[in-house]
Amino acid sequence: MTHPLLAEIEAQADPERAKGQAQYHKARRVYLGVPNPVLNDLTTRWRQEMDVPARVAAAEALWRSDVHEGRIAAAKLLTQARIRPDDAVWALLVGWLPDFDSWAIADHACMAMQKRLVADPGRLDEVESWTASDRMWTRRAALVATLPWTKQNHPKPAELAARDRILGWAAGYVEDRDWFIQKAIAWWVRELSKHDPERSRAFLEAHGDRMKPFARKEAGRHLQLA
């Protein structure tokens, strides 16, 4: 039996758009062709109508559907700065890591993770363990989920320490030739360069020659490099 929330998404399906999605994302699952603005409207309303336990249960069901839009909606249901209590939310998000197999779904889940990490930076200890995973998507998530630490203009000492810690993870990835890992390193360093160009420049001076050329160029897009 189709979950009622998934039925709401299915009501907005566009079969022609779904064909293009399937070709673009490549992961083998059902695509409905529902655009993100529609999913945003649906999940905004659902968040307003549900308490936290109901949202966790709904997100779990939508994720289990393995429908592309269902999984993205599941992540959007849990993407909010203020969620209290949030231990069940964090546990569910971490439980999805083994299922990551495409950038769009992984990135939406990582956006929800970002909010929970900012709410409780102590969770970075758990995220650090992801860097040793044998799964590329899990290793990548350690950088994508920690992007908020690139954005502080006036970081406190603890935030600077976390920034350096995560840069250490990125440094440990530079020998990984996987395109998605190289892209994630570039993404983190590029975003950091907007707020902390000195650290970004130092990272590239130390490690840039071992990055793939496209990633080094992307990482230094906002910097004046020799």
# chains A, B, ... in the order shown; residues from 1 in each chain; ligands from 1

$ closest_atom_pairs --of "range 75-129 of chain A" --to "range 26-33 of chain A" --cutoff "12 Å" --atoms "only C-alpha atoms" --output "JSON lines"
{"residue": "A:Asp99", "atom": "CA", "partner": "A:Ala27", "partner_atom": "CA", "distance": 11.3}
{"residue": "A:Phe100", "atom": "CA", "partner": "A:Ala27", "partner_atom": "CA", "distance": 10.1}
{"residue": "A:Asp101", "atom": "CA", "partner": "A:Ala27", "partner_atom": "CA", "distance": 6.8}
{"residue": "A:Ser102", "atom": "CA", "partner": "A:Ala27", "partner_atom": "CA", "distance": 6.4}
{"residue": "A:Trp103", "atom": "CA", "partner": "A:Ala27", "partner_atom": "CA", "distance": 9.8}
{"residue": "A:Ala104", "atom": "CA", "partner": "A:Ala27", "partner_atom": "CA", "distance": 10.4}
{"residue": "A:Ile105", "atom": "CA", "partner": "A:Ala27", "partner_atom": "CA", "distance": 10.3}
{"residue": "A:Ala106", "atom": "CA", "partner": "A:Ala27", "partner_atom": "CA", "distance": 12.0}

$ write_last_selection --atoms "N, CA and C atoms" --output "compact mmCIF listing (two decimals), in the first residue's frame"
# COMPACT_ATOMS: atom_id res chain seq x y z
N ASP A 99 22.87 3.60 2.06
CA ASP A 99 22.00 3.61 0.89
C ASP A 99 22.40 4.66 -0.14
N PHE A 100 23.31 5.56 0.20
CA PHE A 100 23.69 6.61 -0.73
C PHE A 100 24.28 5.98 -1.99
N ASP A 101 23.75 6.39 -3.14
CA ASP A 101 24.27 5.85 -4.41
C ASP A 101 24.14 6.86 -5.55
N SER A 102 23.71 8.07 -5.23
CA SER A 102 23.62 9.12 -6.25
C SER A 102 23.80 10.47 -5.56
N TRP A 103 24.38 11.42 -6.29
CA TRP A 103 24.73 12.69 -5.65
C TRP A 103 23.52 13.48 -5.19
N ALA A 104 22.42 13.45 -5.96
CA ALA A 104 21.26 14.28 -5.60
C ALA A 104 20.65 13.85 -4.28
N ILE A 105 20.43 12.56 -4.12
CA ILE A 105 19.87 12.06 -2.87
C ILE A 105 20.85 12.25 -1.73
N ALA A 106 22.12 11.92 -1.97
CA ALA A 106 23.14 12.08 -0.93
C ALA A 106 23.24 13.54 -0.48

$ residues_around --residues "range 78-88 of chain A" --least-positions-apart "5" --cutoff "9 Å" --atoms "only C-alpha atoms" --output "ChimeraX atom specification"
/A:47,52-53,55-56,59,73,93,108-109,111-116,118-119

$ write_last_selection --atoms "C-alpha atoms" --output "mmCIF file, in the first residue's frame"
data_model
loop_
_atom_site.group_PDB
_atom_site.id
_atom_site.type_symbol
_atom_site.label_atom_id
_atom_site.label_comp_id
_atom_site.auth_asym_id
_atom_site.auth_seq_id
_atom_site.Cartn_x
_atom_site.Cartn_y
_atom_site.Cartn_z
ATOM 1 C CA ARG A 47 6.767 19.905 8.539
ATOM 2 C CA VAL A 52 9.101 15.411 15.373
ATOM 3 C CA PRO A 53 8.195 11.735 15.963
ATOM 4 C CA ARG A 55 8.199 13.443 10.799
ATOM 5 C CA VAL A 56 10.790 10.784 11.632
ATOM 6 C CA ALA A 59 10.767 10.235 6.535
ATOM 7 C CA ALA A 73 11.312 14.423 0.317
ATOM 8 C CA LEU A 93 20.031 10.238 8.843
ATOM 9 C CA HIS A 108 19.824 16.377 0.199
ATOM 10 C CA ALA A 109 20.450 14.003 3.091
ATOM 11 C CA MET A 111 21.905 19.107 3.991
ATOM 12 C CA ALA A 112 19.747 17.666 6.756
ATOM 13 C CA MET A 113 22.904 16.346 8.445
ATOM 14 C CA GLN A 114 24.463 19.825 8.290
ATOM 15 C CA LYS A 115 21.680 21.235 10.475
ATOM 16 C CA ARG A 116 22.098 18.486 13.061
ATOM 17 C CA VAL A 118 25.601 22.626 13.741
ATOM 18 C CA ALA A 119 23.072 21.893 16.501
#

$ residues_around --residues "Ala162 in chain A" --least-positions-apart "6" --cutoff "9 Å" --atoms "only C-alpha atoms" --output "JSON, numbers by chain"
{"A": [121, 124, 149]}

$ residues_around --residues "Pro37 in chain A" --least-positions-apart "5" --cutoff "12 Å" --atoms "only C-alpha atoms" --output "list in words"
Ile9, Gln12, Leu42, Thr43, Thr44, Glu69, Ile72, Ala73 and Lys76 of chain A

$ write_last_selection --atoms "N, CA and C atoms" --output "compact mmCIF listing (two decimals), in the first residue's frame"
# COMPACT_ATOMS: atom_id res chain seq x y z
N ILE A 9 3.01 12.95 -3.66
CA ILE A 9 4.09 13.21 -4.63
C ILE A 9 3.73 12.62 -5.98
N GLN A 12 1.76 14.47 -8.56
CA GLN A 12 2.42 15.54 -9.32
C GLN A 12 3.38 14.97 -10.37
N LEU A 42 5.50 20.75 -0.74
CA LEU A 42 4.88 19.64 -0.01
C LEU A 42 5.54 19.46 1.35
N THR A 43 6.87 19.40 1.37
CA THR A 43 7.55 19.11 2.63
C THR A 43 7.46 20.28 3.62
N THR A 44 7.37 21.50 3.12
CA THR A 44 7.16 22.64 4.03
C THR A 44 5.83 22.49 4.75
N GLU A 69 12.07 10.74 -5.72
CA GLU A 69 11.45 11.90 -5.06
C GLU A 69 11.06 11.58 -3.62
N ILE A 72 14.24 12.12 -1.60
CA ILE A 72 14.56 13.54 -1.46
C ILE A 72 13.57 14.21 -0.50
N ALA A 73 12.30 13.87 -0.60
CA ALA A 73 11.31 14.42 0.32
C ALA A 73 11.60 13.99 1.75
N LYS A 76 14.22 16.29 2.98
CA LYS A 76 13.68 17.64 3.17
C LYS A 76 12.81 17.73 4.42

$ select_by_dssp --residues "range 126-179 of chain A" --states "alpha helix (DSSP H)" --output "short mmCIF file (atom, residue, chain, number, x, y, z; two decimals) with N, CA, C and O atoms, in the first residue's frame"
data_model
loop_
_atom_site.label_atom_id
_atom_site.label_comp_id
_atom_site.auth_asym_id
_atom_site.auth_seq_id
_atom_site.Cartn_x
_atom_site.Cartn_y
_atom_site.Cartn_z
N GLU A 126 31.69 11.31 15.42
CA GLU A 126 31.11 10.21 14.66
C GLU A 126 31.38 10.40 13.17
O GLU A 126 31.71 9.43 12.46
N VAL A 127 31.28 11.63 12.69
CA VAL A 127 31.52 11.89 11.27
C VAL A 127 32.95 11.53 10.89
O VAL A 127 33.20 11.02 9.79
N GLU A 128 33.89 11.77 11.80
CA GLU A 128 35.28 11.43 11.49
C GLU A 128 35.44 9.96 11.14
O GLU A 128 36.27 9.60 10.30
N SER A 129 34.65 9.10 11.77
CA SER A 129 34.74 7.67 11.46
C SER A 129 34.32 7.37 10.03
O SER A 129 34.75 6.36 9.45
N TRP A 130 33.51 8.24 9.44
CA TRP A 130 33.09 8.02 8.06
C TRP A 130 34.27 8.12 7.09
O TRP A 130 34.25 7.53 6.01
N MET A 136 32.66 4.98 -0.97
CA MET A 136 32.97 6.34 -1.42
C MET A 136 31.92 7.33 -0.95
O MET A 136 32.25 8.44 -0.49
N TRP A 137 30.64 6.98 -1.04
CA TRP A 137 29.58 7.93 -0.71
C TRP A 137 29.63 8.32 0.77
O TRP A 137 29.29 9.45 1.14
N THR A 138 30.02 7.39 1.63
CA THR A 138 30.14 7.70 3.05
C THR A 138 31.31 8.62 3.30
O THR A 138 31.22 9.59 4.07
N ARG A 139 32.46 8.32 2.67
CA ARG A 139 33.62 9.22 2.82
C ARG A 139 33.28 10.61 2.31
O ARG A 139 33.64 11.62 2.94
N ARG A 140 32.61 10.69 1.18
CA ARG A 140 32.22 11.98 0.62
C ARG A 140 31.31 12.74 1.57
O ARG A 140 31.42 13.96 1.73
N ALA A 141 30.40 12.04 2.21
CA ALA A 141 29.43 12.68 3.11
C ALA A 141 30.13 13.41 4.25
O ALA A 141 29.61 14.41 4.76
N ALA A 142 31.30 12.93 4.67
CA ALA A 142 32.02 13.60 5.76
C ALA A 142 32.37 15.04 5.39
O ALA A 142 32.41 15.92 6.27
N LEU A 143 32.62 15.30 4.12
CA LEU A 143 32.91 16.67 3.69
C LEU A 143 31.63 17.45 3.39
O LEU A 143 31.50 18.61 3.78
N VAL A 144 30.68 16.83 2.71
CA VAL A 144 29.47 17.57 2.32
C VAL A 144 28.65 17.94 3.56
O VAL A 144 28.09 19.04 3.64
N PRO A 157 37.19 29.97 18.56
CA PRO A 157 38.30 29.01 18.59
C PRO A 157 37.86 27.57 18.33
O PRO A 157 38.55 26.84 17.61
N ALA A 158 36.73 27.15 18.89
CA ALA A 158 36.26 25.78 18.66
C ALA A 158 35.89 25.56 17.20
O ALA A 158 36.11 24.46 16.66
N GLU A 159 35.35 26.59 16.57
CA GLU A 159 34.99 26.48 15.16
C GLU A 159 36.23 26.43 14.27
O GLU A 159 36.27 25.70 13.28
N LEU A 160 37.25 27.19 14.64
CA LEU A 160 38.51 27.13 13.91
C LEU A 160 39.16 25.76 14.05
O LEU A 160 39.71 25.21 13.08
N ALA A 161 39.09 25.21 15.25
CA ALA A 161 39.65 23.88 15.46
C ALA A 161 38.92 22.84 14.62
O ALA A 161 39.55 21.95 14.03
N ALA A 162 37.60 22.96 14.54
CA ALA A 162 36.83 22.04 13.71
C ALA A 162 37.17 22.23 12.24
O ALA A 162 37.29 21.25 11.48
N ARG A 163 37.35 23.46 11.83
CA ARG A 163 37.71 23.76 10.44
C ARG A 163 39.04 23.07 10.09
O ARG A 163 39.16 22.43 9.04
N ASP A 164 40.01 23.20 10.97
CA ASP A 164 41.31 22.57 10.71
C ASP A 164 41.20 21.05 10.75
O ASP A 164 41.88 20.35 9.98
N ARG A 165 40.37 20.56 11.62
CA ARG A 165 40.16 19.11 11.70
C ARG A 165 39.61 18.57 10.38
O ARG A 165 40.09 17.56 9.86
N ILE A 166 38.61 19.25 9.84
CA ILE A 166 37.98 18.79 8.60
C ILE A 166 38.94 18.95 7.42
O ILE A 166 38.98 18.10 6.52
N LEU A 167 39.71 20.01 7.42
CA LEU A 167 40.74 20.15 6.38
C LEU A 167 41.73 18.99 6.44
O LEU A 167 42.24 18.54 5.41
N GLY A 168 41.97 18.49 7.64
CA GLY A 168 42.82 17.31 7.77
C GLY A 168 42.20 16.09 7.11
O GLY A 168 42.91 15.28 6.48
N TRP A 169 40.88 15.96 7.23
CA TRP A 169 40.21 14.86 6.53
C TRP A 169 40.38 15.02 5.03
O TRP A 169 40.67 14.05 4.32
N ALA A 170 40.16 16.26 4.55
CA ALA A 170 40.29 16.51 3.11
C ALA A 170 41.70 16.21 2.63
O ALA A 170 41.89 15.63 1.55
N ALA A 171 42.69 16.56 3.43
CA ALA A 171 44.07 16.26 3.06
C ALA A 171 44.29 14.76 2.93
O ALA A 171 45.05 14.30 2.06
N GLY A 172 43.62 14.01 3.77
CA GLY A 172 43.73 12.56 3.70
C GLY A 172 43.08 11.95 2.48
O GLY A 172 43.31 10.78 2.16
N TYR A 173 42.25 12.75 1.80
CA TYR A 173 41.53 12.26 0.61
C TYR A 173 42.26 12.57 -0.69
O TYR A 173 41.85 12.08 -1.75
N TRP A 179 36.33 10.68 -8.81
CA TRP A 179 35.89 12.01 -9.22
C TRP A 179 35.06 12.69 -8.14
O TRP A 179 35.25 13.88 -7.86
#

$ residues_around --residues "Pro4 in chain A" --least-positions-apart "6" --cutoff "12 Å" --atoms "only C-alpha atoms" --output "list in words"
Glu10, Ala11, Trp46, Ala58, Ala61, Leu62, Ser65 and Gly70 of chain A

$ write_last_selection --atoms "all heavy atoms" --output "PDB file, in the first residue's frame"
ATOM      1  N   GLU A  10       3.234  11.397  -5.972  1.00  0.00           N
ATOM      2  CA  GLU A  10       2.878  10.716  -7.220  1.00  0.00           C
ATOM      3  C   GLU A  10       1.816  11.482  -8.001  1.00  0.00           C
ATOM      4  O   GLU A  10       1.788  11.439  -9.236  1.00  0.00           O
ATOM      5  CB  GLU A  10       2.389   9.303  -6.923  1.00  0.00           C
ATOM      6  CG  GLU A  10       3.500   8.352  -6.465  1.00  0.00           C
ATOM      7  CD  GLU A  10       2.967   6.997  -6.044  1.00  0.00           C
ATOM      8  OE1 GLU A  10       1.760   6.912  -5.709  1.00  0.00           O
ATOM      9  OE2 GLU A  10       3.755   6.028  -6.027  1.00  0.00           O
ATOM     10  N   ALA A  11       0.963  12.211  -7.288  1.00  0.00           N
ATOM     11  CA  ALA A  11      -0.091  12.983  -7.958  1.00  0.00           C
ATOM     12  C   ALA A  11       0.486  14.105  -8.818  1.00  0.00           C
ATOM     13  O   ALA A  11      -0.202  14.622  -9.706  1.00  0.00           O
ATOM     14  CB  ALA A  11      -1.051  13.563  -6.917  1.00  0.00           C
ATOM     15  N   TRP A  46       4.140  19.663   5.214  1.00  0.00           N
ATOM     16  CA  TRP A  46       4.189  18.495   6.095  1.00  0.00           C
ATOM     17  C   TRP A  46       4.927  18.805   7.399  1.00  0.00           C
ATOM     18  O   TRP A  46       4.514  18.371   8.470  1.00  0.00           O
ATOM     19  CB  TRP A  46       4.869  17.322   5.391  1.00  0.00           C
ATOM     20  CG  TRP A  46       4.147  16.829   4.174  1.00  0.00           C
ATOM     21  CD1 TRP A  46       2.842  17.050   3.830  1.00  0.00           C
ATOM     22  CD2 TRP A  46       4.703  16.049   3.111  1.00  0.00           C
ATOM     23  NE1 TRP A  46       2.553  16.456   2.630  1.00  0.00           N
ATOM     24  CE2 TRP A  46       3.672  15.827   2.166  1.00  0.00           C
ATOM     25  CE3 TRP A  46       5.966  15.518   2.863  1.00  0.00           C
ATOM     26  CZ2 TRP A  46       3.879  15.093   1.000  1.00  0.00           C
ATOM     27  CZ3 TRP A  46       6.176  14.786   1.702  1.00  0.00           C
ATOM     28  CH2 TRP A  46       5.148  14.570   0.778  1.00  0.00           C
ATOM     29  N   ALA A  58       7.513   9.390   9.072  1.00  0.00           N
ATOM     30  CA  ALA A  58       7.186   9.645   7.665  1.00  0.00           C
ATOM     31  C   ALA A  58       8.442   9.612   6.806  1.00  0.00           C
ATOM     32  O   ALA A  58       8.450   9.043   5.701  1.00  0.00           O
ATOM     33  CB  ALA A  58       6.473  10.989   7.530  1.00  0.00           C
ATOM     34  N   ALA A  61       9.548   6.079   6.194  1.00  0.00           N
ATOM     35  CA  ALA A  61       8.709   5.394   5.207  1.00  0.00           C
ATOM     36  C   ALA A  61       9.012   5.879   3.791  1.00  0.00           C
ATOM     37  O   ALA A  61       9.090   5.073   2.849  1.00  0.00           O
ATOM     38  CB  ALA A  61       7.239   5.616   5.538  1.00  0.00           C
ATOM     39  N   LEU A  62       9.171   7.180   3.624  1.00  0.00           N
ATOM     40  CA  LEU A  62       9.473   7.719   2.297  1.00  0.00           C
ATOM     41  C   LEU A  62      10.826   7.225   1.798  1.00  0.00           C
ATOM     42  O   LEU A  62      10.986   6.916   0.614  1.00  0.00           O
ATOM     43  CB  LEU A  62       9.448   9.252   2.332  1.00  0.00           C
ATOM     44  CG  LEU A  62       8.062   9.896   2.446  1.00  0.00           C
ATOM     45  CD1 LEU A  62       8.187  11.375   2.769  1.00  0.00           C
ATOM     46  CD2 LEU A  62       7.274   9.704   1.161  1.00  0.00           C
ATOM     47  N   SER A  65      10.723   3.693   0.483  1.00  0.00           N
ATOM     48  CA  SER A  65      10.042   3.528  -0.807  1.00  0.00           C
ATOM     49  C   SER A  65      11.039   3.341  -1.937  1.00  0.00           C
ATOM     50  O   SER A  65      10.726   2.754  -2.963  1.00  0.00           O
ATOM     51  CB  SER A  65       9.161   4.746  -1.106  1.00  0.00           C
ATOM     52  OG  SER A  65       9.957   5.876  -1.477  1.00  0.00           O
ATOM     53  N   GLY A  70      10.738  10.326  -3.336  1.00  0.00           N
ATOM     54  CA  GLY A  70      10.420   9.940  -1.967  1.00  0.00           C
ATOM     55  C   GLY A  70      11.620  10.117  -1.054  1.00  0.00           C
ATOM     56  O   GLY A  70      11.499  10.627   0.070  1.00  0.00           O
TER      57      GLY A  70
END

$ atom_distance --atom1 "CA of Gly20 in chain A" --atom2 "CA of Val38 in chain A"
17.3 Å

$ closest_residue --among "A:Ala202, A:Leu117, A:Leu92, A:Ala219" --to "Ala184 in chain A" --atoms "only C-alpha atoms"
A:Ala219

$ atom_distance --atom1 "CA of Ala22 in chain A" --atom2 "CA of Cys110 in chain A"
21.5 Å

$ atom_distance --atom1 "CA of Trp187 in chain A" --atom2 "CA of Asp134 in chain A"
21.3 Å
